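As provided, run_16.cif (mmCIF, C-alpha atoms) reads as follows.
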data_input
#
loop_
_atom_site.label_atom_id
_atom_site.label_comp_id
_atom_site.auth_asym_id
_atom_site.auth_seq_id
_atom_site.Cartn_x
_atom_site.Cartn_y
_atom_site.Cartn_z
CA MET A 1 233.35 112.66 107.95
CA GLU A 2 230.73 115.29 107.30
CA GLU A 3 231.92 118.89 107.56
CA ALA A 4 228.62 120.22 108.96
CA ASN A 5 228.20 120.50 112.71
CA GLY A 6 224.96 118.52 113.00
CA ARG A 7 224.62 116.15 115.92
CA VAL A 8 222.07 113.97 117.69
CA VAL A 9 221.34 114.38 121.40
CA LEU A 10 219.44 111.59 123.18
CA VAL A 11 217.58 113.21 126.05
CA GLY A 12 216.54 111.27 129.14
CA ALA A 13 213.06 112.44 130.13
CA PRO A 14 211.41 112.01 133.55
CA LEU A 15 209.47 108.78 134.00
CA GLY A 16 206.58 110.76 135.41
CA ASN A 17 207.79 113.26 137.99
CA PRO A 18 208.94 116.52 136.33
CA GLY A 19 211.16 117.16 139.34
CA ASP A 20 213.55 114.51 137.97
CA ALA A 21 214.34 116.61 134.89
CA SER A 22 217.98 117.62 134.57
CA GLN A 23 219.28 121.05 133.70
CA ARG A 24 220.76 119.56 130.54
CA LEU A 25 217.29 118.39 129.53
CA ARG A 26 216.01 121.93 129.92
CA ASP A 27 218.95 123.42 128.05
CA THR A 28 218.66 120.92 125.19
CA LEU A 29 214.94 121.50 124.72
CA THR A 30 215.49 125.24 124.42
CA SER A 31 218.58 125.11 122.20
CA ALA A 32 218.03 122.19 119.78
CA ASP A 33 217.10 123.06 116.22
CA VAL A 34 214.80 120.04 115.96
CA VAL A 35 213.13 118.08 118.77
CA ALA A 36 211.94 114.64 117.67
CA ALA A 37 209.35 113.57 120.23
CA GLU A 38 207.65 110.21 120.69
CA ASP A 39 204.49 112.12 121.61
CA THR A 40 204.43 115.82 120.78
CA ARG A 41 201.57 116.45 123.22
CA ARG A 42 203.55 114.96 126.09
CA LEU A 43 206.56 117.02 125.10
CA THR A 44 204.46 120.20 125.17
CA ARG A 45 203.11 119.28 128.59
CA LEU A 46 206.60 118.49 129.91
CA ALA A 47 207.96 121.81 128.64
CA ARG A 48 205.09 123.61 130.32
CA ASP A 49 205.69 121.76 133.61
CA LEU A 50 209.38 122.69 133.43
CA GLY A 51 208.70 126.30 132.53
CA VAL A 52 210.78 126.15 129.36
CA THR A 53 210.07 126.96 125.74
CA VAL A 54 211.06 124.51 123.03
CA GLY A 55 213.15 126.68 120.77
CA GLY A 56 213.28 124.56 117.63
CA ARG A 57 210.97 122.70 115.30
CA ILE A 58 208.98 119.88 116.93
CA VAL A 59 208.35 116.70 114.92
CA SER A 60 206.76 113.42 115.93
CA TYR A 61 209.08 110.41 116.04
CA PHE A 62 207.45 107.16 117.11
CA GLU A 63 207.30 103.52 116.08
CA GLY A 64 204.80 104.16 113.29
CA ASN A 65 206.81 106.84 111.45
CA GLU A 66 210.37 106.18 112.65
CA GLU A 67 211.52 104.53 109.42
CA ARG A 68 210.07 107.26 107.23
CA ARG A 69 211.19 110.20 109.37
CA THR A 70 214.78 109.10 110.02
CA PRO A 71 216.07 110.24 106.60
CA GLU A 72 214.44 113.65 107.17
CA LEU A 73 216.30 113.99 110.47
CA VAL A 74 219.58 112.96 108.85
CA ASP A 75 218.97 115.73 106.29
CA ALA A 76 218.64 118.15 109.21
CA LEU A 77 222.01 116.93 110.48
CA ARG A 78 223.52 117.58 107.05
CA ALA A 79 222.20 121.13 107.31
CA GLY A 80 224.23 121.53 110.49
CA GLN A 81 221.31 121.26 112.89
CA THR A 82 221.17 119.70 116.35
CA VAL A 83 218.45 117.05 116.60
CA ALA A 84 217.24 116.14 120.09
CA VAL A 85 215.30 112.90 120.63
CA VAL A 86 212.82 112.75 123.52
CA THR A 87 210.55 109.83 124.40
CA ASP A 88 207.58 109.69 126.75
CA GLY A 89 209.91 108.81 129.62
CA GLY A 90 213.38 107.38 130.17
CA MET A 91 216.22 107.10 127.69
CA PRO A 92 215.54 107.04 123.95
CA SER A 93 216.44 103.82 122.10
CA VAL A 94 215.87 101.64 125.21
CA SER A 95 212.65 99.92 124.05
CA ASP A 96 211.72 103.34 122.67
CA PRO A 97 212.39 105.26 119.44
CA GLY A 98 215.96 106.41 118.92
CA TYR A 99 218.12 103.49 117.84
CA ARG A 100 217.29 103.82 114.16
CA LEU A 101 218.38 107.48 114.13
CA VAL A 102 221.51 106.72 116.17
CA ARG A 103 222.56 104.11 113.62
CA ALA A 104 221.75 106.33 110.64
CA ALA A 105 223.59 109.32 112.14
CA LEU A 106 226.70 107.30 112.91
CA ASP A 107 226.69 105.73 109.46
CA ALA A 108 226.51 109.23 107.96
CA GLY A 109 229.42 110.41 110.10
CA PHE A 110 227.56 112.61 112.59
CA PRO A 111 228.25 112.58 116.35
CA VAL A 112 225.71 111.23 118.81
CA THR A 113 225.70 112.25 122.46
CA ALA A 114 223.29 112.09 125.38
CA ALA A 115 221.84 114.21 128.13
CA PRO A 116 221.42 111.23 130.50
CA GLY A 117 218.34 110.94 132.62
CA PRO A 118 215.99 108.52 134.35
CA SER A 119 215.60 104.93 133.24
CA ALA A 120 212.77 102.60 134.26
CA VAL A 121 215.19 99.68 133.88
CA THR A 122 217.69 100.69 136.53
CA THR A 123 215.07 102.36 138.74
CA ALA A 124 213.01 99.16 138.94
CA LEU A 125 216.14 97.08 139.48
CA ALA A 126 217.25 99.25 142.40
CA LEU A 127 213.79 99.17 144.02
CA SER A 128 213.16 95.47 143.50
CA GLY A 129 215.35 94.26 146.35
CA LEU A 130 216.81 91.62 144.01
CA PRO A 131 220.52 91.20 143.18
CA SER A 132 221.67 94.13 141.06
CA ASP A 133 225.33 93.35 140.42
CA ARG A 134 224.54 91.51 137.17
CA PHE A 135 221.29 91.82 135.23
CA VAL A 136 219.69 91.33 131.83
CA PHE A 137 217.14 93.62 130.18
CA GLU A 138 214.76 91.84 127.81
CA GLY A 139 212.40 94.68 126.91
CA PHE A 140 208.85 93.70 125.99
CA LEU A 141 207.81 90.07 125.80
CA PRO A 142 206.04 88.82 122.65
CA ARG A 143 202.35 89.68 122.63
CA SER A 144 200.94 86.28 121.68
CA GLY A 145 200.70 83.69 124.42
CA SER A 146 202.51 80.91 122.56
CA ALA A 147 205.39 83.17 121.51
CA ARG A 148 205.63 84.59 125.04
CA ARG A 149 205.80 81.15 126.63
CA SER A 150 208.42 80.03 124.12
CA ARG A 151 210.59 83.07 124.92
CA LEU A 152 210.19 82.55 128.66
CA ARG A 153 211.32 78.93 128.34
CA GLU A 154 214.51 80.25 126.74
CA LEU A 155 215.02 82.65 129.66
CA ALA A 156 214.14 80.29 132.51
CA ALA A 157 217.73 79.20 133.12
CA GLU A 158 219.20 82.74 133.04
CA PRO A 159 221.12 83.15 136.34
CA ARG A 160 221.18 86.96 136.26
CA THR A 161 218.36 89.20 137.46
CA LEU A 162 215.95 89.70 134.57
CA ILE A 163 214.06 92.92 133.76
CA LEU A 164 211.02 93.05 131.49
CA PHE A 165 208.56 95.66 130.31
CA GLU A 166 204.91 94.64 129.98
CA ALA A 167 201.64 96.31 129.04
CA PRO A 168 199.19 96.49 131.96
CA HIS A 169 196.49 94.46 130.19
CA ARG A 170 198.97 91.60 129.64
CA VAL A 171 200.63 91.55 133.07
CA GLY A 172 198.28 88.94 134.52
CA ASP A 173 198.84 86.52 131.64
CA ALA A 174 202.59 87.19 131.66
CA LEU A 175 202.84 86.43 135.38
CA ALA A 176 200.82 83.23 134.93
CA ASP A 177 203.22 82.15 132.17
CA LEU A 178 206.18 83.06 134.36
CA VAL A 179 204.83 80.81 137.14
CA ALA A 180 204.51 77.95 134.64
CA THR A 181 208.02 78.39 133.19
CA PHE A 182 210.10 79.83 136.04
CA GLY A 183 208.29 78.09 138.88
CA PRO A 184 205.98 79.52 141.55
CA GLY A 185 208.73 80.23 144.05
CA ARG A 186 210.98 82.49 141.96
CA PRO A 187 211.35 85.91 143.70
CA ALA A 188 210.12 88.86 141.68
CA ALA A 189 208.85 92.42 141.83
CA VAL A 190 206.13 94.23 139.90
CA CYS A 191 207.01 97.93 139.64
CA ARG A 192 204.13 100.17 138.65
CA GLU A 193 203.98 103.88 137.81
CA LEU A 194 207.56 104.55 138.90
CA THR A 195 208.19 108.07 140.28
CA LYS A 196 204.52 108.98 139.79
CA THR A 197 201.83 109.73 142.36
CA TYR A 198 200.61 106.14 142.55
CA GLU A 199 204.00 104.44 142.45
CA GLU A 200 203.79 100.87 143.74
CA VAL A 201 206.35 98.08 144.05
CA ARG A 202 204.99 94.62 144.83
CA ARG A 203 207.63 92.12 145.92
CA GLY A 204 207.11 88.41 146.50
CA ARG A 205 207.14 84.99 144.90
CA LEU A 206 205.80 84.67 141.38
CA ALA A 207 202.77 82.69 142.48
CA GLU A 208 201.81 85.41 144.97
CA LEU A 209 202.23 88.15 142.41
CA ALA A 210 200.24 86.22 139.80
CA ASP A 211 197.36 85.79 142.28
CA TRP A 212 197.49 89.51 143.12
CA ALA A 213 197.42 90.55 139.45
CA ALA A 214 194.55 88.16 138.69
CA ALA A 215 192.47 89.52 141.58
CA SER A 216 193.29 93.18 141.00
CA PRO A 217 194.72 93.86 137.52
CA PRO A 218 197.36 96.60 137.85
CA ARG A 219 197.16 99.79 135.83
CA GLY A 220 199.81 102.12 134.48
CA GLU A 221 203.28 101.46 133.16
CA ILE A 222 204.73 98.17 134.39
CA THR A 223 208.29 96.90 134.83
CA LEU A 224 208.84 93.33 135.98
CA VAL A 225 212.01 92.26 137.79
CA LEU A 226 212.72 88.53 138.19
CA GLY A 227 215.33 86.83 140.31
CA GLY A 228 217.83 84.76 138.37
CA ALA A 229 217.65 80.99 138.13
CA PRO A 230 219.29 79.26 141.09
CA VAL A 231 222.72 77.89 140.26
CA THR A 232 222.79 74.13 140.65
CA ALA A 233 225.82 72.01 141.31
CA ALA A 234 224.64 69.23 139.00
CA ALA A 235 227.29 67.88 136.66
CA ARG A 236 227.06 69.10 133.09
CA PRO A 237 226.04 66.28 130.73
CA ALA A 238 228.49 65.23 128.03
CA ASP A 239 228.19 66.97 124.67
CA GLU A 240 226.90 63.83 122.98
CA ASP A 241 224.22 63.43 125.63
CA LEU A 242 223.03 66.99 125.09
CA ARG A 243 222.87 66.45 121.32
CA ALA A 244 220.96 63.23 121.87
CA ALA A 245 218.47 64.99 124.17
CA VAL A 246 217.81 67.61 121.48
CA ALA A 247 217.42 64.93 118.80
CA GLU A 248 215.00 63.01 121.01
CA ARG A 249 212.78 66.06 121.45
CA GLU A 250 212.90 66.80 117.73
CA ALA A 251 211.85 63.23 117.00
CA ALA A 252 208.92 63.74 119.36
CA GLY A 253 207.71 66.69 117.29
CA ASP A 254 209.43 69.74 118.81
CA SER A 255 210.99 72.29 116.50
CA ARG A 256 214.75 72.47 116.77
CA ARG A 257 214.48 75.89 118.42
CA ASP A 258 212.07 74.61 121.07
CA ALA A 259 214.08 71.42 121.58
CA ILE A 260 217.29 73.38 122.18
CA SER A 261 215.51 75.76 124.57
CA ALA A 262 213.95 72.89 126.53
CA VAL A 263 217.25 71.03 126.88
CA ALA A 264 219.07 74.20 127.94
CA THR A 265 216.42 74.85 130.60
CA GLU A 266 216.44 71.25 131.82
CA PHE A 267 220.19 71.21 132.43
CA GLY A 268 220.63 74.84 133.50
CA LEU A 269 222.68 75.80 130.45
CA ARG A 270 222.69 78.81 128.15
CA ARG A 271 220.62 78.30 125.03
CA ARG A 272 223.46 79.47 122.80
CA GLU A 273 225.76 76.82 124.30
CA VAL A 274 223.39 73.99 123.37
CA TYR A 275 222.74 75.61 119.99
CA ALA A 276 226.47 75.67 119.24
CA LEU A 277 226.86 72.00 120.19
CA VAL A 278 224.03 70.90 117.94
CA HIS A 279 225.22 72.88 114.95
CA GLN A 280 228.88 71.95 115.40
CA ALA A 281 227.93 68.35 114.79
CA GLN A 282 226.41 69.11 111.39
#
The structure given in the file should be rewritten as structure tokens.
Amino acid sequence: MEEANGRVVLVGAPLGNPGDASQRLRDTLTSADVVAAEDTRRLTRLARDLGVTVGGRIVSYFEGNEERRTPELVDALRAGQTVAVVTDGGMPSVSDPGYRLVRAALDAGFPVTAAPGPSAVTTALALSGLPSDRFVFEGFLPRSGSARRSRLRELAAEPRTLILFEAPHRVGDALADLVATFGPGRPAAVCRELTKTYEEVRRGRLAELADWAAASPPRGEITLVLGGAPVTAAARPADEDLRAAVAEREAAGDSRRDAISAVATEFGLRRREVYALVHQAQ
């Protein structure tokens, strides 16, 4: 364990409304020796809105420089400094910069703590009107259409409420792919600009939401919430039948990954369950 008193503080920033900032956020911004910000301009604006002065050194920490800057921040920890991580909104490391530093700090023996704050994941879930007792967060879907559709096929049988992030210019295509893979009647919600002036939550069936997005492409930051797959009472096929179904699809030209995903979706099973069956037989 390192003897120095350096530590990492993950700071939950408001999603858009400065009124959601906690006192711990304010205190951490003024007291940290280093503030690693996803966007230094946004941090400056947030500090101004909150009426606080960032007391330490401000450095940029985003996807493009995260790998290079992490060792520098670990060096600051070794010097006994407190390093605060702030993203554009929500909790660091949740589809945002932060995880790499958390892992590096822990591996080097430094403590990591948090000043908890807003999260688009749980905010969208609560506002969606969909079951919230069990849910899955998938982050951003793949950007390319083929990769996105492949991933959605893997998720189609997930019985828990599913939460996704998506860029506004890809929402229409993502919803169209969701209709094709999840079915037009699956309940869903499109949450836009949460906590901001133009906050909007559209609830309905996937087909309705896809038509809405096609006619009037939404702007701003988007979180999608999808109802889980309905649980069917159909009998589970025997292991050998599942293996045979995968082999049949492979023989027809599917990759093993796609074949396993398709069979899992067809029979309402988890992909990893079918994967294990196939590979146990080898």
Neighbour list for Pro230 of chain A as a PDB file with C-alpha atoms, keeping the file's coordinate frame, cut-off 9 Å, all atoms listed in the file, skip fewer than 6 positions in-chain:
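So around.pdb came out as:
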ATOM      1  CA  ALA A 157     217.730  79.200 133.120  1.00  0.00           C
ATOM      2  CA  GLU A 158     219.200  82.740 133.040  1.00  0.00           C
ATOM      3  CA  PRO A 159     221.120  83.150 136.340  1.00  0.00           C
ATOM      4  CA  ARG A 186     210.980  82.490 141.960  1.00  0.00           C
ATOM      5  CA  GLY A 268     220.630  74.840 133.500  1.00  0.00           C
TER       6      GLY A 268
END
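Computed from the coordinates, the atom CA of Gly16 of chain A to atom CA of Glu67 of chain A distance equals 27.2 Å.
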- Task: Go ahead and compute the interatomic distance for atom CA of Ile163 of chain A and atom CA of Val179 of chain A, in Å to one decimal.
- Result: 15.6 Å
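Residues captured in this structure file are Gly12, Ala13, Pro14, Leu15, Gly16, Val86, Thr87, Asp88, Gly90, Met91, Pro92, Pro118, Ser119 and Ala120 of chain A, according to the PyMOL selection byres ((chain A and resi 89) around 9).
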Generate the output file for the selected residues, C-alpha atoms, as a PDB file, in the coordinates of the input.
ATOM      1  CA  GLY A  12     216.540 111.270 129.140  1.00  0.00           C
ATOM      2  CA  ALA A  13     213.060 112.440 130.130  1.00  0.00           C
ATOM      3  CA  PRO A  14     211.410 112.010 133.550  1.00  0.00           C
ATOM      4  CA  LEU A  15     209.470 108.780 134.000  1.00  0.00           C
ATOM      5  CA  GLY A  16     206.580 110.760 135.410  1.00  0.00           C
ATOM      6  CA  VAL A  86     212.820 112.750 123.520  1.00  0.00           C
ATOM      7  CA  THR A  87     210.550 109.830 124.400  1.00  0.00           C
ATOM      8  CA  ASP A  88     207.580 109.690 126.750  1.00  0.00           C
ATOM      9  CA  GLY A  90     213.380 107.380 130.170  1.00  0.00           C
ATOM     10  CA  MET A  91     216.220 107.100 127.690  1.00  0.00           C
ATOM     11  CA  PRO A  92     215.540 107.040 123.950  1.00  0.00           C
ATOM     12  CA  PRO A 118     215.990 108.520 134.350  1.00  0.00           C
ATOM     13  CA  SER A 119     215.600 104.930 133.240  1.00  0.00           C
ATOM     14  CA  ALA A 120     212.770 102.600 134.260  1.00  0.00           C
TER      15      ALA A 120
END
- Message: Considering all atoms listed in the file, can you say which of A:Arg153, A:Ser93, A:Pro18, A:Val35 comes closest to Glu63 of chain A?
- Response: A:Ser93
Would it be fine to have segment 123-142 of chain A, with N, CA and C atoms, given as a JSON list (two decimals), in the first residue's frame?
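File produced: out.json:
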[["chain", "number", "residue", "atom", "x", "y", "z"],
["A", 123, "THR", "N", -32.29, 7.84, -13.94],
["A", 123, "THR", "CA", -33.31, 8.87, -14.16],
["A", 123, "THR", "C", -34.25, 8.45, -15.27],
["A", 124, "ALA", "N", -33.70, 7.99, -16.39],
["A", 124, "ALA", "CA", -34.54, 7.55, -17.50],
["A", 124, "ALA", "C", -35.37, 6.34, -17.10],
["A", 125, "LEU", "N", -34.78, 5.41, -16.37],
["A", 125, "LEU", "CA", -35.52, 4.23, -15.92],
["A", 125, "LEU", "C", -36.73, 4.63, -15.08],
["A", 126, "ALA", "N", -36.53, 5.55, -14.14],
["A", 126, "ALA", "CA", -37.61, 5.96, -13.26],
["A", 126, "ALA", "C", -38.72, 6.67, -14.03],
["A", 127, "LEU", "N", -38.36, 7.45, -15.06],
["A", 127, "LEU", "CA", -39.35, 8.21, -15.81],
["A", 127, "LEU", "C", -40.04, 7.40, -16.90],
["A", 128, "SER", "N", -39.47, 6.26, -17.26],
["A", 128, "SER", "CA", -39.97, 5.51, -18.41],
["A", 128, "SER", "C", -41.35, 4.91, -18.19],
["A", 129, "GLY", "N", -41.69, 4.62, -16.93],
["A", 129, "GLY", "CA", -42.94, 3.93, -16.66],
["A", 129, "GLY", "C", -42.84, 2.43, -16.88],
["A", 130, "LEU", "N", -41.64, 1.93, -17.14],
["A", 130, "LEU", "CA", -41.41, 0.50, -17.35],
["A", 130, "LEU", "C", -40.90, -0.14, -16.06],
["A", 131, "PRO", "N", -41.00, -1.46, -15.93],
["A", 131, "PRO", "CA", -40.57, -2.12, -14.69],
["A", 131, "PRO", "C", -39.14, -1.74, -14.32],
["A", 132, "SER", "N", -38.93, -1.40, -13.07],
["A", 132, "SER", "CA", -37.62, -0.91, -12.63],
["A", 132, "SER", "C", -36.99, -1.77, -11.55],
["A", 133, "ASP", "N", -37.62, -2.91, -11.23],
["A", 133, "ASP", "CA", -37.07, -3.75, -10.17],
["A", 133, "ASP", "C", -35.81, -4.49, -10.62],
["A", 134, "ARG", "N", -35.74, -4.80, -11.91],
["A", 134, "ARG", "CA", -34.55, -5.46, -12.47],
["A", 134, "ARG", "C", -34.29, -4.85, -13.84],
["A", 135, "PHE", "N", -33.05, -4.42, -14.09],
["A", 135, "PHE", "CA", -32.76, -3.79, -15.37],
["A", 135, "PHE", "C", -31.33, -4.05, -15.78],
["A", 136, "VAL", "N", -31.06, -3.81, -17.06],
["A", 136, "VAL", "CA", -29.74, -4.01, -17.65],
["A", 136, "VAL", "C", -29.35, -2.73, -18.37],
["A", 137, "PHE", "N", -28.12, -2.26, -18.15],
["A", 137, "PHE", "CA", -27.61, -1.10, -18.86],
["A", 137, "PHE", "C", -26.60, -1.56, -19.89],
["A", 138, "GLU", "N", -26.84, -1.22, -21.16],
["A", 138, "GLU", "CA", -25.99, -1.67, -22.25],
["A", 138, "GLU", "C", -25.09, -0.57, -22.81],
["A", 139, "GLY", "N", -25.23, 0.65, -22.34],
["A", 139, "GLY", "CA", -24.40, 1.73, -22.86],
["A", 139, "GLY", "C", -24.76, 2.06, -24.30],
["A", 140, "PHE", "N", -23.77, 2.42, -25.09],
["A", 140, "PHE", "CA", -23.99, 2.78, -26.49],
["A", 140, "PHE", "C", -24.00, 1.53, -27.36],
["A", 141, "LEU", "N", -24.91, 1.49, -28.33],
["A", 141, "LEU", "CA", -24.93, 0.43, -29.32],
["A", 141, "LEU", "C", -23.79, 0.64, -30.31],
["A", 142, "PRO", "N", -23.38, -0.42, -31.02],
["A", 142, "PRO", "CA", -22.38, -0.23, -32.09],
["A", 142, "PRO", "C", -22.86, 0.78, -33.12]]
